[in-house]
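J.: My structure is stored as upload_38.csv, with CSV, C-alpha atoms.
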chain,number,residue,atom,x,y,z
A,1,MET,CA,96.4,59.1,114.0
A,2,VAL,CA,98.5,61.1,116.4
A,3,PRO,CA,98.4,64.8,115.4
A,4,ARG,CA,101.8,66.1,114.3
A,5,VAL,CA,103.1,69.3,115.8
A,6,LEU,CA,105.9,71.4,114.4
A,7,VAL,CA,107.8,74.0,116.5
A,8,ILE,CA,108.8,76.9,114.2
A,9,VAL,CA,111.8,78.9,115.5
A,10,PRO,CA,112.4,82.1,113.5
A,11,ALA,CA,115.9,83.3,114.2
A,12,PHE,CA,117.7,86.4,113.1
A,13,ASN,CA,121.3,86.7,114.3
A,14,GLU,CA,120.7,84.4,117.3
A,15,GLU,CA,123.8,82.3,117.3
A,16,ALA,CA,124.4,83.1,121.0
A,17,SER,CA,121.1,82.0,122.3
A,18,LEU,CA,119.9,79.4,119.7
A,19,PRO,CA,122.0,76.4,121.0
A,20,ALA,CA,120.6,76.7,124.5
A,21,THR,CA,117.0,77.2,123.2
A,22,LEU,CA,117.3,74.1,120.9
A,23,ALA,CA,118.9,72.0,123.7
A,24,GLU,CA,116.1,73.0,126.1
A,25,LEU,CA,113.5,72.2,123.4
A,26,ARG,CA,115.0,68.8,123.0
A,27,ALA,CA,115.0,68.2,126.7
A,28,LYS,CA,111.6,69.5,127.6
A,29,ALA,CA,109.6,68.8,124.4
A,30,ALA,CA,111.0,65.6,123.0
A,31,GLY,CA,107.8,64.7,121.1
A,32,PHE,CA,107.7,67.8,118.9
A,33,ASP,CA,109.4,68.3,115.5
A,34,ILE,CA,111.4,71.4,115.2
A,35,VAL,CA,112.4,73.7,112.3
A,36,VAL,CA,114.6,76.7,112.5
A,37,VAL,CA,113.9,79.5,110.0
A,38,ASN,CA,117.2,81.4,109.6
A,39,ASP,CA,116.0,84.9,108.5
A,40,GLY,CA,119.0,85.9,106.5
A,41,SER,CA,121.3,86.1,109.5
A,42,SER,CA,124.8,87.4,109.1
A,43,ASP,CA,126.2,85.4,112.0
A,44,GLY,CA,126.5,81.7,112.7
A,45,THR,CA,122.8,81.1,113.3
A,46,GLU,CA,122.4,78.6,110.5
A,47,ALA,CA,125.5,76.7,111.7
A,48,ALA,CA,124.3,76.7,115.3
A,49,ALA,CA,121.0,75.1,114.2
A,50,ARG,CA,122.7,72.5,112.0
A,51,ALA,CA,125.1,71.7,114.8
A,52,ALA,CA,122.0,70.9,117.0
A,53,GLY,CA,120.8,68.5,114.2
A,54,VAL,CA,117.7,70.6,113.6
A,55,PRO,CA,116.3,71.1,110.0
A,56,VAL,CA,117.0,74.7,108.8
A,57,LEU,CA,115.0,76.8,106.4
A,58,SER,CA,117.6,79.3,105.4
A,59,LEU,CA,116.3,82.5,103.8
A,60,PRO,CA,118.9,84.1,101.5
A,61,ILE,CA,117.8,87.6,102.7
A,62,ASN,CA,116.4,89.1,105.8
A,63,LEU,CA,112.6,89.3,105.4
A,64,GLY,CA,111.4,90.1,108.9
A,65,VAL,CA,110.0,87.9,111.7
A,66,GLY,CA,106.5,87.7,110.1
A,67,ALA,CA,107.8,86.5,106.7
A,68,ALA,CA,110.2,84.1,108.5
A,69,LEU,CA,107.2,82.6,110.3
A,70,GLN,CA,105.2,82.4,107.1
A,71,THR,CA,108.1,80.4,105.6
A,72,GLY,CA,107.7,78.0,108.6
A,73,PHE,CA,103.9,77.8,107.8
A,74,ARG,CA,104.6,76.9,104.2
A,75,TYR,CA,106.9,74.1,105.4
A,76,ALA,CA,104.4,72.9,108.0
A,77,LEU,CA,101.6,72.7,105.4
A,78,GLU,CA,103.8,71.0,102.8
A,79,GLU,CA,105.0,68.4,105.3
A,80,GLY,CA,101.4,67.7,106.5
A,81,TYR,CA,101.7,69.0,110.1
A,82,ASP,CA,98.5,69.6,112.0
A,83,VAL,CA,99.7,72.3,114.2
A,84,GLY,CA,102.5,74.9,114.0
A,85,VAL,CA,103.8,76.5,117.1
A,86,GLN,CA,105.9,79.7,117.0
A,87,LEU,CA,108.6,79.9,119.5
A,88,ASP,CA,111.2,82.6,119.9
A,89,ALA,CA,114.9,81.7,119.4
A,90,ASP,CA,116.0,84.0,122.2
A,91,GLY,CA,114.9,81.8,125.1
A,92,GLN,CA,112.0,84.0,126.2
A,93,HIS,CA,109.6,81.1,125.8
A,94,ASP,CA,109.8,78.1,128.1
A,95,PRO,CA,109.4,74.9,126.1
A,96,ALA,CA,107.8,73.4,129.2
A,97,ASP,CA,104.7,75.5,128.2
A,98,LEU,CA,104.4,73.8,124.8
A,99,GLY,CA,101.8,71.4,126.0
A,100,THR,CA,99.7,74.3,127.4
A,101,VAL,CA,100.0,76.3,124.2
A,102,THR,CA,99.1,73.5,121.8
A,103,ALA,CA,96.4,71.8,123.9
A,104,PRO,CA,93.4,74.0,122.9
A,105,VAL,CA,94.3,73.7,119.2
A,106,LEU,CA,94.9,69.9,119.4
A,107,ALA,CA,91.5,69.6,121.2
A,108,SER,CA,89.9,71.7,118.5
A,109,GLN,CA,88.7,74.1,121.1
A,110,ALA,CA,90.5,77.0,119.3
A,111,ASP,CA,92.2,77.6,116.0
A,112,VAL,CA,94.9,79.8,117.5
A,113,ALA,CA,96.2,79.6,121.1
A,114,ILE,CA,98.2,82.5,122.4
A,115,GLY,CA,100.6,82.0,125.2
A,116,SER,CA,99.7,85.0,127.3
A,117,ARG,CA,101.6,86.8,130.1
A,118,TYR,CA,98.4,88.4,131.4
A,119,VAL,CA,95.8,85.7,131.9
A,120,GLU,CA,95.4,84.2,135.3
A,121,GLY,CA,98.0,81.6,136.1
A,122,ALA,CA,100.8,83.3,134.1
A,123,ALA,CA,104.0,84.4,135.8
A,124,LEU,CA,104.4,88.1,136.2
A,125,TYR,CA,106.1,89.9,133.4
A,126,HIS,CA,107.5,93.4,133.8
A,127,ALA,CA,107.6,95.4,130.5
A,128,PRO,CA,108.9,98.9,130.3
A,129,LEU,CA,106.1,101.5,130.8
A,130,PHE,CA,106.1,102.8,127.2
A,131,ARG,CA,105.7,99.3,125.9
A,132,ARG,CA,103.1,98.4,128.4
A,133,ILE,CA,100.9,101.4,127.3
A,134,GLY,CA,101.2,100.2,123.7
A,135,MET,CA,100.4,96.7,124.7
A,136,LEU,CA,97.2,97.9,126.5
A,137,LEU,CA,96.2,100.0,123.5
A,138,PHE,CA,96.5,97.2,121.0
A,139,SER,CA,94.9,94.7,123.3
A,140,ALA,CA,91.9,97.0,123.6
A,141,LEU,CA,91.8,97.5,119.9
A,142,ALA,CA,92.1,93.7,119.1
A,143,THR,CA,89.4,92.9,121.8
A,144,ALA,CA,87.0,95.5,120.4
A,145,VAL,CA,87.5,94.4,116.8
A,146,THR,CA,87.5,90.7,117.3
A,147,GLY,CA,84.9,90.5,120.1
A,148,GLN,CA,87.2,88.1,121.8
A,149,PRO,CA,89.1,89.1,125.0
A,150,LEU,CA,92.7,89.4,123.9
A,151,ARG,CA,95.1,90.7,126.5
A,152,ASP,CA,98.5,89.8,125.0
A,153,THR,CA,98.6,90.8,121.4
A,154,THR,CA,102.4,91.0,121.3
A,155,SER,CA,103.1,87.5,122.5
A,156,GLY,CA,105.1,85.5,120.0
A,157,TYR,CA,104.3,82.2,121.6
A,158,ARG,CA,101.4,80.9,119.6
A,159,ALA,CA,99.9,77.7,118.2
A,160,TYR,CA,98.1,77.6,114.9
A,161,ASN,CA,96.1,74.9,113.1
A,162,ARG,CA,96.3,74.2,109.4
A,163,GLY,CA,93.3,76.4,108.5
A,164,VAL,CA,94.9,79.5,110.1
A,165,MET,CA,98.3,78.7,108.6
A,166,ARG,CA,96.7,78.4,105.1
A,167,LEU,CA,95.0,81.8,105.7
A,168,CYS,CA,98.4,83.2,106.6
A,169,LEU,CA,99.9,82.2,103.3
A,170,ASN,CA,97.6,84.8,101.5
A,171,TYR,CA,98.0,87.6,103.9
A,172,PHE,CA,100.6,88.1,106.6
A,173,PRO,CA,102.0,91.2,108.2
A,174,GLN,CA,105.7,90.7,107.3
A,175,ASP,CA,107.5,92.6,110.1
A,176,PHE,CA,105.2,92.6,113.1
A,177,PRO,CA,102.8,89.7,113.1
A,178,ASP,CA,100.9,90.9,116.2
A,179,ALA,CA,97.5,92.6,116.6
A,180,PRO,CA,96.8,92.8,112.8
A,181,LEU,CA,97.4,89.1,112.4
A,182,LEU,CA,95.0,88.3,115.3
A,183,ILE,CA,92.4,90.7,113.9
A,184,TRP,CA,92.6,89.1,110.5
A,185,VAL,CA,92.4,85.6,111.8
A,186,ALA,CA,89.4,86.5,114.0
A,187,ARG,CA,87.6,88.1,111.0
A,188,GLY,CA,88.1,84.9,109.1
A,189,GLY,CA,85.9,83.3,111.7
A,190,PHE,CA,88.7,81.5,113.5
A,191,ARG,CA,88.6,81.1,117.3
A,192,LEU,CA,91.3,82.5,119.4
A,193,VAL,CA,92.1,81.7,123.0
A,194,GLU,CA,94.8,82.8,125.5
A,195,VAL,CA,96.6,80.4,127.8
A,196,PRO,CA,98.9,81.3,130.6
A,197,VAL,CA,102.6,81.0,130.0
A,198,THR,CA,105.8,82.2,131.6
A,199,MET,CA,107.9,84.7,129.7
A,200,ARG,CA,111.6,85.0,130.6
A,201,ALA,CA,113.9,87.9,130.0
A,202,ARG,CA,116.1,87.4,127.0
A,203,THR,CA,119.6,86.2,127.8
A,204,GLN,CA,121.5,87.1,124.6
A,205,GLY,CA,121.3,89.4,121.6
A,206,GLN,CA,118.8,92.1,121.0
A,207,SER,CA,115.1,92.2,120.8
A,208,PHE,CA,113.4,92.5,117.4
A,209,TYR,CA,112.0,95.7,118.8
A,210,THR,CA,114.8,98.3,118.8
A,211,TRP,CA,114.1,101.9,119.6
A,212,THR,CA,113.6,103.0,115.9
A,213,LYS,CA,111.1,100.2,115.6
A,214,SER,CA,109.4,101.3,118.8
A,215,LEU,CA,108.4,104.5,116.9
A,216,TYR,CA,107.5,102.7,113.7
A,217,TYR,CA,105.7,99.8,115.4
A,218,PRO,CA,102.6,101.7,116.7
A,219,TYR,CA,102.1,103.4,113.4
A,220,LYS,CA,102.5,100.3,111.4
A,221,THR,CA,100.4,98.1,113.7
A,222,LEU,CA,97.6,100.7,114.0
A,223,LEU,CA,97.4,101.3,110.3
A,224,ALA,CA,97.6,97.6,109.4
A,225,SER,CA,94.8,96.9,111.9
A,226,LEU,CA,92.5,99.7,110.6
A,227,VAL,CA,93.1,98.8,107.0
A,228,LEU,CA,92.2,95.2,107.7
A,229,LEU,CA,88.8,96.4,108.8
A,230,LEU,CA,88.3,98.0,105.4
A,231,ARG,CA,89.1,94.7,103.7
A,232,ARG,CA,86.4,92.1,103.0
A,233,ALA,CA,86.6,89.4,105.7
A,234,PRO,CA,88.2,86.1,104.5
A,235,VAL,CA,84.8,84.3,104.6
A,236,GLY,CA,84.7,80.6,104.3
A,237,GLU,CA,88.4,80.1,105.3
A,238,ALA,CA,87.4,78.8,108.7
A,239,GLU,CA,85.2,76.1,107.3
A,240,GLY,CA,86.8,72.7,106.8
A,241,ARG,CA,88.7,73.1,110.0
A,242,PRO,CA,90.8,70.1,110.8
B,1,MET,CA,111.1,132.2,70.6
B,2,THR,CA,111.7,133.6,74.0
B,3,ARG,CA,114.6,132.6,76.2
B,4,ALA,CA,112.3,130.7,78.5
B,5,GLN,CA,110.8,128.8,75.6
B,6,LEU,CA,114.3,127.9,74.3
B,7,LEU,CA,115.3,126.6,77.8
B,8,ALA,CA,112.1,124.5,78.1
B,9,THR,CA,112.6,123.1,74.6
B,10,LEU,CA,116.2,122.1,75.3
B,11,LEU,CA,115.3,120.6,78.6
B,12,ALA,CA,112.3,118.6,77.3
B,13,VAL,CA,114.0,117.4,74.2
B,14,GLY,CA,117.2,116.5,76.1
B,15,LEU,CA,115.3,114.6,78.8
B,16,ALA,CA,113.2,112.8,76.1
B,17,LEU,CA,116.3,111.8,74.2
B,18,TRP,CA,117.9,110.5,77.4
B,19,VAL,CA,114.7,108.4,78.2
B,20,VAL,CA,114.7,107.0,74.7
B,21,ASP,CA,118.3,106.1,74.9
B,22,LEU,CA,117.7,104.4,78.2
B,23,VAL,CA,115.0,102.3,76.6
B,24,ARG,CA,117.3,101.5,73.7
B,25,ARG,CA,120.0,100.3,76.0
B,26,ARG,CA,117.4,98.3,78.0
B,27,LYS,CA,118.1,100.2,81.2
B,28,LEU,CA,114.4,101.3,81.2
B,29,SER,CA,111.3,99.4,80.2
B,30,GLU,CA,108.9,100.9,77.7
B,31,GLU,CA,106.2,100.7,80.4
B,32,TYR,CA,108.0,103.3,82.6
B,33,SER,CA,109.3,105.5,79.7
B,34,LEU,CA,105.8,106.4,78.6
B,35,TRP,CA,105.0,108.7,81.5
B,36,SER,CA,108.2,110.7,81.3
B,37,LEU,CA,107.8,111.2,77.5
B,38,ILE,CA,104.2,112.4,78.1
B,39,ALA,CA,105.5,114.8,80.8
B,40,MET,CA,108.1,116.2,78.4
B,41,ALA,CA,105.4,116.7,75.8
B,42,GLY,CA,103.4,118.5,78.5
B,43,VAL,CA,106.3,120.9,79.2
B,44,LEU,CA,106.6,121.8,75.5
B,45,VAL,CA,102.8,122.4,75.2
B,46,ALA,CA,102.9,124.6,78.2
B,47,ALA,CA,105.9,126.5,76.9
B,48,PHE,CA,104.5,127.3,73.4
B,49,TRP,CA,100.7,127.3,73.8
B,50,THR,CA,100.7,130.4,76.0
B,51,LYS,CA,97.1,131.3,75.3
B,52,GLY,CA,96.0,127.9,76.5
B,53,LEU,CA,98.1,128.2,79.6
B,54,THR,CA,96.6,131.7,80.4
B,55,TRP,CA,93.1,130.2,79.8
B,56,ILE,CA,93.7,127.3,82.2
B,57,THR,CA,95.1,129.8,84.8
B,58,HIS,CA,91.9,131.8,84.7
B,59,GLN,CA,89.8,128.7,84.9
B,60,PHE,CA,91.7,127.7,88.1
B,61,GLY,CA,91.4,131.2,89.5
B,62,ALA,CA,95.2,131.3,89.8
B,63,LEU,CA,97.1,134.6,89.5
B,64,TYR,CA,100.1,133.4,87.6
B,65,GLU,CA,100.8,130.9,84.9
B,66,THR,CA,103.9,129.7,86.6
B,67,SER,CA,101.9,128.6,89.7
B,68,VAL,CA,99.7,126.5,87.4
B,69,ILE,CA,102.8,124.9,85.9
B,70,PHE,CA,104.2,124.1,89.3
B,71,PHE,CA,100.9,122.8,90.5
B,72,PHE,CA,100.6,120.3,87.7
B,73,GLY,CA,104.3,119.4,88.0
B,74,ILE,CA,103.9,118.6,91.7
B,75,VAL,CA,100.7,116.6,91.1
B,76,PHE,CA,102.4,114.6,88.4
B,77,LEU,CA,105.4,113.9,90.7
B,78,LEU,CA,103.1,112.8,93.6
B,79,ILE,CA,101.2,110.4,91.3
B,80,ALA,CA,104.5,109.0,90.0
B,81,LEU,CA,105.7,108.5,93.5
B,82,VAL,CA,102.6,106.6,94.6
B,83,PHE,CA,102.8,104.5,91.4
B,84,TYR,CA,106.4,103.6,92.0
B,85,ALA,CA,105.7,102.7,95.6
B,86,THR,CA,103.0,100.3,94.5
B,87,ARG,CA,105.5,98.7,92.1
B,88,LEU,CA,108.0,98.5,94.9
B,89,THR,CA,105.4,96.8,97.1
B,90,SER,CA,104.5,94.2,94.6
B,91,MET,CA,108.2,93.5,93.8
B,92,THR,CA,108.9,93.2,97.6
B,93,GLN,CA,106.1,90.6,97.8
B,94,GLU,CA,107.5,88.7,94.8
B,95,VAL,CA,111.0,88.7,96.2
B,96,ARG,CA,109.7,87.5,99.6
B,97,ARG,CA,107.9,84.6,97.9
B,98,LEU,CA,110.9,83.7,95.9
B,99,ALA,CA,113.2,83.7,99.0
B,100,GLN,CA,110.7,81.5,100.9
B,101,GLU,CA,110.6,79.0,98.0
B,102,THR,CA,114.4,79.0,97.8
B,103,ALA,CA,114.6,78.1,101.5
B,104,LEU,CA,112.0,75.4,101.2
B,105,LEU,CA,113.6,73.9,98.1
B,106,LYS,CA,117.1,74.1,99.6
B,107,LEU,CA,116.0,72.0,102.6
B,108,ARG,CA,114.3,69.5,100.3
B,109,LEU,CA,117.4,69.2,98.2
B,110,GLU,CA,119.6,68.6,101.3
B,111,ARG,CA,117.3,65.9,102.4
B,112,THR,CA,117.1,64.2,99.0
B,113,GLU,CA,120.9,64.4,98.7
B,114,ALA,CA,121.4,62.9,102.1
B,115,ARG,CA,118.9,60.1,101.2
B,116,MET,CA,120.8,59.4,98.0
B,117,GLN,CA,124.1,59.3,99.8
B,118,ARG,CA,122.8,56.8,102.3
B,119,GLY,CA,121.4,54.7,99.4
B,120,ASP,CA,124.9,54.8,97.7
B,121,GLU,CA,126.6,53.8,100.9
B,122,ALA,CA,124.1,50.9,101.5
B,123,GLY,CA,124.7,49.8,97.9
B,124,GLU,CA,128.5,49.8,98.4
B,125,GLY,CA,128.2,47.9,101.6
B,126,ARG,CA,126.4,45.0,99.9
What would the structure in this file look like if it were written as structure tokens?

T.:
Amino acid sequence: MVPRVLVIVPAFNEEASLPATLAELRAKAAGFDIVVVNDGSSDGTEAAARAAGVPVLSLPINLGVGAALQTGFRYALEEGYDVGVQLDADGQHDPADLGTVTAPVLASQADVAIGSRYVEGAALYHAPLFRRIGMLLFSALATAVTGQPLRDTTSGYRAYNRGVMRLCLNYFPQDFPDAPLLIWVARGGFRLVEVPVTMRARTQGQSFYTWTKSLYYPYKTLLASLVLLLRRAPVGEAEGRP
Amino acid sequence: MTRAQLLATLLAVGLALWVVDLVRRRKLSEEYSLWSLIAMAGVLVAAFWTKGLTWITHQFGALYETSVIFFFGIVFLLIALVFYATRLTSMTQEVRRLAQETALLKLRLERTEARMQRGDEAGEGR
């Protein structure tokens, strides 16, 4: 049986960039099913997705990118998809990389594949200095804790198999599903791998990470990561991998 | 009765009556009313059982009775804050789950309706 892959596109107030993202997905990744998770947007995000003929999971309230993604996982599991891929609505992720991101998971070489800006073969990505320091810090933390070399913990371009998606139903960082998520997944015995992708600058709208969040983000991510170490590892979850 | 005792009594009884009335009007659940009533009782005990208050003050090595009252008052408020934060957290989780289920059910409903409509149209065409 051919494995089924679902591309999950969480979108919060992305009416400007969503049509182009969906059109590009259709053009470059025709074999993949798509679902847009409208995270309680106040603009025409839902209408834009519907106009593109894509199924929409419309949250009545804004829950945050993590909870929106978790909604996509619930849908993927219910609908029997083998792999769920997270792809940003803002056009930062090139759908041409979908094959690269899903390949290790489809080949059962990894349970989570992370589209990374920093592994060899990835196109250069220039982040602001402050953000780059944070990225380095959390990548060092995630690497130390998981014992797996992780260089891009903030990448939102990831593929997950069913076991990982199931794990994420019980625990999931609701606003920033970055380093803590990877740590939790690794502690559950799941295998993570990074693959090279190209990240583009966003064309429309605003990043999830506004300046107030840029102060809250390090605190929240650090605390969530450390608290996870105090929790008992989700043993046995990784068994029965597809 | 000193003036301070009178004030404490009026305050404690007034607040207790308010809480009971809120429970009566179902604006407050019994679960949450219990703690405020216990606090009001504590205020009355501290106001009238002065010997006990002095004894506790000595046990704590504090200089004034008032500081002991403030200390317990602040500790009580801090515990209450943490308690309400845990309630908020669990309610947030519940709301999130409900919102997610709503979105999933809505999509399923749309699909079912679309299928039924197609079935109707096919039936009419025959």

J.: Please report, as JSON lines, each residue of chain B lying at most 9 Å from chain A, together with the nearest pair of atoms and the separation in Å rounded to one decimal; use only C-alpha atoms, and order rows by chain and ascending residue number.

T.:
{"residue": "B:Arg96", "atom": "CA", "partner": "A:Leu63", "partner_atom": "CA", "distance": 6.7}
{"residue": "B:Arg97", "atom": "CA", "partner": "A:Thr71", "partner_atom": "CA", "distance": 8.8}
{"residue": "B:Ala99", "atom": "CA", "partner": "A:Leu59", "partner_atom": "CA", "distance": 5.8}
{"residue": "B:Gln100", "atom": "CA", "partner": "A:Thr71", "partner_atom": "CA", "distance": 5.5}
{"residue": "B:Glu101", "atom": "CA", "partner": "A:Thr71", "partner_atom": "CA", "distance": 8.1}
{"residue": "B:Thr102", "atom": "CA", "partner": "A:Leu59", "partner_atom": "CA", "distance": 7.2}
{"residue": "B:Ala103", "atom": "CA", "partner": "A:Ser58", "partner_atom": "CA", "distance": 5.1}
{"residue": "B:Leu104", "atom": "CA", "partner": "A:Leu57", "partner_atom": "CA", "distance": 6.2}
{"residue": "B:Leu105", "atom": "CA", "partner": "A:Leu57", "partner_atom": "CA", "distance": 8.9}
{"residue": "B:Lys106", "atom": "CA", "partner": "A:Leu57", "partner_atom": "CA", "distance": 7.6}
{"residue": "B:Leu107", "atom": "CA", "partner": "A:Leu57", "partner_atom": "CA", "distance": 6.2}

J.: For the residues selected in the previous step, produce a file with C-alpha atoms as a PDB file, in the coordinates of the input.

T.:
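Saved file out.pdb follows:
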ATOM      1  CA  ARG B  96     109.700  87.500  99.600  1.00  0.00           C
ATOM      2  CA  ARG B  97     107.900  84.600  97.900  1.00  0.00           C
ATOM      3  CA  ALA B  99     113.200  83.700  99.000  1.00  0.00           C
ATOM      4  CA  GLN B 100     110.700  81.500 100.900  1.00  0.00           C
ATOM      5  CA  GLU B 101     110.600  79.000  98.000  1.00  0.00           C
ATOM      6  CA  THR B 102     114.400  79.000  97.800  1.00  0.00           C
ATOM      7  CA  ALA B 103     114.600  78.100 101.500  1.00  0.00           C
ATOM      8  CA  LEU B 104     112.000  75.400 101.200  1.00  0.00           C
ATOM      9  CA  LEU B 105     113.600  73.900  98.100  1.00  0.00           C
ATOM     10  CA  LYS B 106     117.100  74.100  99.600  1.00  0.00           C
ATOM     11  CA  LEU B 107     116.000  72.000 102.600  1.00  0.00           C
TER      12      LEU B 107
END

J.: Quick one: residues within 12 Å of Gly53 in chain A, all atoms listed in the file, excluding same-chain residues fewer than 3 positions away - as an mmCIF file with C-alpha atoms, keeping the file's coordinate frame?

T.:
data_model
loop_
_atom_site.group_PDB
_atom_site.id
_atom_site.type_symbol
_atom_site.label_atom_id
_atom_site.label_comp_id
_atom_site.auth_asym_id
_atom_site.auth_seq_id
_atom_site.Cartn_x
_atom_site.Cartn_y
_atom_site.Cartn_z
ATOM 1 C CA PRO A 19 122.000 76.400 121.000
ATOM 2 C CA LEU A 22 117.300 74.100 120.900
ATOM 3 C CA ALA A 23 118.900 72.000 123.700
ATOM 4 C CA ARG A 26 115.000 68.800 123.000
ATOM 5 C CA ASP A 33 109.400 68.300 115.500
ATOM 6 C CA ILE A 34 111.400 71.400 115.200
ATOM 7 C CA VAL A 35 112.400 73.700 112.300
ATOM 8 C CA VAL A 36 114.600 76.700 112.500
ATOM 9 C CA GLU A 46 122.400 78.600 110.500
ATOM 10 C CA ALA A 47 125.500 76.700 111.700
ATOM 11 C CA ALA A 48 124.300 76.700 115.300
ATOM 12 C CA ALA A 49 121.000 75.100 114.200
ATOM 13 C CA ARG A 50 122.700 72.500 112.000
ATOM 14 C CA VAL A 56 117.000 74.700 108.800
#

J.: Taking 2 positions as the minimum chain separation for residues in the same chain, which residues sit within 7 Å of Ser139 in chain A when counting all atoms listed in the file? Answer as a PyMOL selection string.

T.: chain A and resi 135-137+141-143+150-153

J.: Considering all atoms listed in the file, can you say which of A:Val9, A:Leu98, A:Ala51, A:Leu230 comes closest to Lys28 in chain A?

T.: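 Between A:Val9, A:Leu98, A:Ala51, A:Leu230, the residue approaching Lys28 in chain A most closely is A:Leu98.
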
J.: Give me, as a VMD selection string, all polymer residues having an atom no more than 8 Å from Leu18 in chain A, counting only C-alpha atoms and skipping those fewer than 5 positions away in the same chain.

T.: chain A and resid 11 45 48 to 49 89 to 91

J.: Grab the CA of Ser108 in chain A to CA of Phe32 in chain A distance for me, in Å with one decimal place.

T.: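 For CA of Ser108 in chain A relative to CA of Phe32 in chain A, the distance reads 18.2 Å.
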
J.: Identify the residues within 12 Å of coordinate (113.7, 108.0, 76.0) (same frame as the file), considering all atoms listed in the file, and give the answer as a list in words.

T.: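 The residues that fall inside the cut-off are Ala12, Val13, Gly14, Leu15, Ala16, Leu17, Trp18, Val19, Val20, Asp21, Leu22, Val23, Arg24, Arg25, Arg26, Lys27, Leu28, Ser29, Glu30, Glu31, Tyr32, Ser33, Leu34, Trp35, Ser36, Leu37, Ile38, Ala39 and Met40 of chain B.
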
J.: Could you work out how far CA of Ala113 in chain A lies from CA of Val83 in chain A, giving the answer in Å with one decimal?

T.: 10.6 Å

J.: In Å, with one decimal, what is the gap from CA of Gln86 in chain A to CA of Pro10 in chain A?

T.: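 That distance, rounded to one decimal, is 7.8 Å.
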